[in-house]
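Notes follow once the structure below has been shown.
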Amino acid sequence: MTPDPSTTVSDEGLVHLSLPATPRYLAAARVVATSLGAESGLTVDDLDDLRLGVNELVSALVESSAAGERVELEFEVQGNRVTVRGRRAGGDPRPIELDELTTRIVEAVADEHSIDGSSFTISKASSIP
């Protein structure tokens, strides 16, 4: 049986980024998210939302990481939607902890988001169909 191409993501729509778990490299995650969002047709406001949400969640992941760890990010582009998944390399089980302000920010800017222990997912689609 052949997979339905409308529901399958090819490797062409995936970007992987591995970063040292230090605040110094947060800008790299923001730049990749924003660049992919711009290419997928997100508006300027949508791009700002995506950038801010990615920054907050990657920051929380970095803050909960030990010295020398790495953060693995996967950016998925499907049409006019960008989804970012983040986790610590090596599957460290320590949970990501969000303070109240970070939680409110992410809830305000993301179309969808989730935190599953030590990993996160955030999605943003264009507000213009």
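In the structure tokens, chains take letters A, B, ... by order of appearance, with residues numbered from 1 within each chain and ligands from 1 in the order shown.
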Determine, counting only C-alpha atoms, which protein, DNA and RNA residues have an atom within 10 Å of an atom of Thr83 in chain A; residues of the same chain fewer than 5 positions away are not included. Present the result as a list of chain:residue names.
->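 Answer for this query is A:Leu14, A:Ala33, A:Leu36, A:Gly37, A:Leu50, A:Val54, A:Glu74, A:Phe75, A:Glu76, A:Val77, A:Gln78, A:Ala110, A:Asp111, A:Glu112, A:His113, A:Thr121, A:Ile122, A:Ser123, A:Lys124, A:Ala125.
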Members of chain A assigned strand (DSSP E) by DSSP, as an MDAnalysis selection string = chainID A and resid 14:20 70:78 81:88 112:116 119:125
Looking at only C-alpha atoms, which of A:Ser35, A:Ser59, A:Thr43, A:Asn80 is the one that sits closest to Pro20 in chain A?
->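 When distances to Pro20 in chain A are compared using only C-alpha atoms, the smallest one comes from A:Ser59.
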Shell of 7 Å around Gly53 in chain A, only C-alpha atoms, local chain residues under 3 positions omitted, as a short mmCIF file (atom, residue, chain, number, x, y, z; two decimals) with N, CA, C and O atoms, in the first residue's frame:
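The file below, part-v1.cif, is the result:
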```cif
data_model
loop_
_atom_site.label_atom_id
_atom_site.label_comp_id
_atom_site.auth_asym_id
_atom_site.auth_seq_id
_atom_site.Cartn_x
_atom_site.Cartn_y
_atom_site.Cartn_z
N ASP A 49 5.48 35.28 16.43
CA ASP A 49 4.93 34.31 17.37
C ASP A 49 5.76 33.03 17.39
O ASP A 49 6.09 32.52 18.47
N LEU A 50 6.10 32.52 16.21
CA LEU A 50 6.90 31.30 16.14
C LEU A 50 8.26 31.50 16.78
O LEU A 50 8.72 30.68 17.58
N GLU A 56 11.27 30.53 23.85
CA GLU A 56 10.86 30.20 25.22
C GLU A 56 11.04 28.72 25.52
O GLU A 56 11.56 28.35 26.58
N LEU A 57 10.63 27.85 24.59
CA LEU A 57 10.72 26.41 24.85
C LEU A 57 12.15 25.89 24.77
O LEU A 57 12.54 25.05 25.59
N VAL A 106 3.80 30.99 25.70
CA VAL A 106 3.69 29.91 24.71
C VAL A 106 2.23 29.67 24.35
O VAL A 106 1.89 29.49 23.17
N VAL A 109 1.14 32.41 21.83
CA VAL A 109 1.74 32.53 20.49
C VAL A 109 1.64 31.27 19.63
O VAL A 109 1.77 31.35 18.42
N ALA A 110 1.41 30.12 20.24
CA ALA A 110 1.41 28.86 19.49
C ALA A 110 0.00 28.47 19.08
O ALA A 110 -0.96 28.70 19.81
#
```
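Proximity to Leu98 in chain A at 12 Å, evaluated using only C-alpha atoms and with sequence-adjacent residues fewer than 6 positions away removed, yields A:Glu56, A:Leu57, A:Val58, A:Ser59, A:Ala60, A:Leu61, A:Val62, A:Glu63, A:Ser64, A:Arg104, A:Ile105, A:Val106, A:Glu107, A:Ser114, A:Ile115, A:Gly117, A:Ser118, A:Phe120.
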To one decimal place, how far is CA of Ala89 in chain A from CA of Asp46 in chain A in Å?
->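 Distance reported for this atom pair: 28.6 Å.
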Best match for closeness to Leu26 in chain A among A:Val71, A:Leu42, A:Glu12, A:Leu101, counting only C-alpha atoms =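 Residue with the minimum atom-to-atom distance to Leu26 in chain A: A:Val71.
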If you run DSSP over the backbone, which residues in chain A end up alpha helix (DSSP H)? Put them as a PyMOL selection string.
-> chain A and resi 26-39+44-63+100-109
Could you pull the residues within 7 Å of Leu73 in chain A, counting only C-alpha atoms, minus those fewer than 3 positions along the same chain, as a list in words?
->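 Non-adjacent residues within range: His16, Leu17, Ser18, Val84, Arg85, Gly86 and Arg87 of chain A.
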Quick one: write out the picked residues with C-alpha atoms as a CSV table (one decimal), in the first residue's frame?
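The file below, part31.csv, is the result:
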```csv
chain,number,residue,atom,x,y,z
A,16,HIS,CA,17.5,18.7,12.1
A,17,LEU,CA,19.6,20.9,14.3
A,18,SER,CA,21.9,19.8,17.1
A,84,VAL,CA,9.3,22.3,16.0
A,85,ARG,CA,10.2,19.4,18.2
A,86,GLY,CA,12.9,19.6,20.8
A,87,ARG,CA,14.6,17.2,23.2
```
When distances are computed from only C-alpha atoms, which of A:Val82, A:Ala108, A:Val31, A:Val44 shows the smallest separation from Gly13 in chain A?
->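 Selected residue with least distance to Gly13 in chain A: A:Val82.
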How many Å lie between CA of Glu69 in chain A and CA of Arg88 in chain A, rounded to one decimal?
-> 7.2 Å
Kindly indicate which residue among A:Val32, A:Ala38, A:Ala67, A:Ala27 lies nearest to Asn55 in chain A, using only C-alpha atoms for the distances.
->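 Among the listed residues, A:Ala27 lies closest to Asn55 in chain A.
Taking CA of Asp116 in chain A as the reference point, CA of Arg81 in chain A is found at 20.9 Å.
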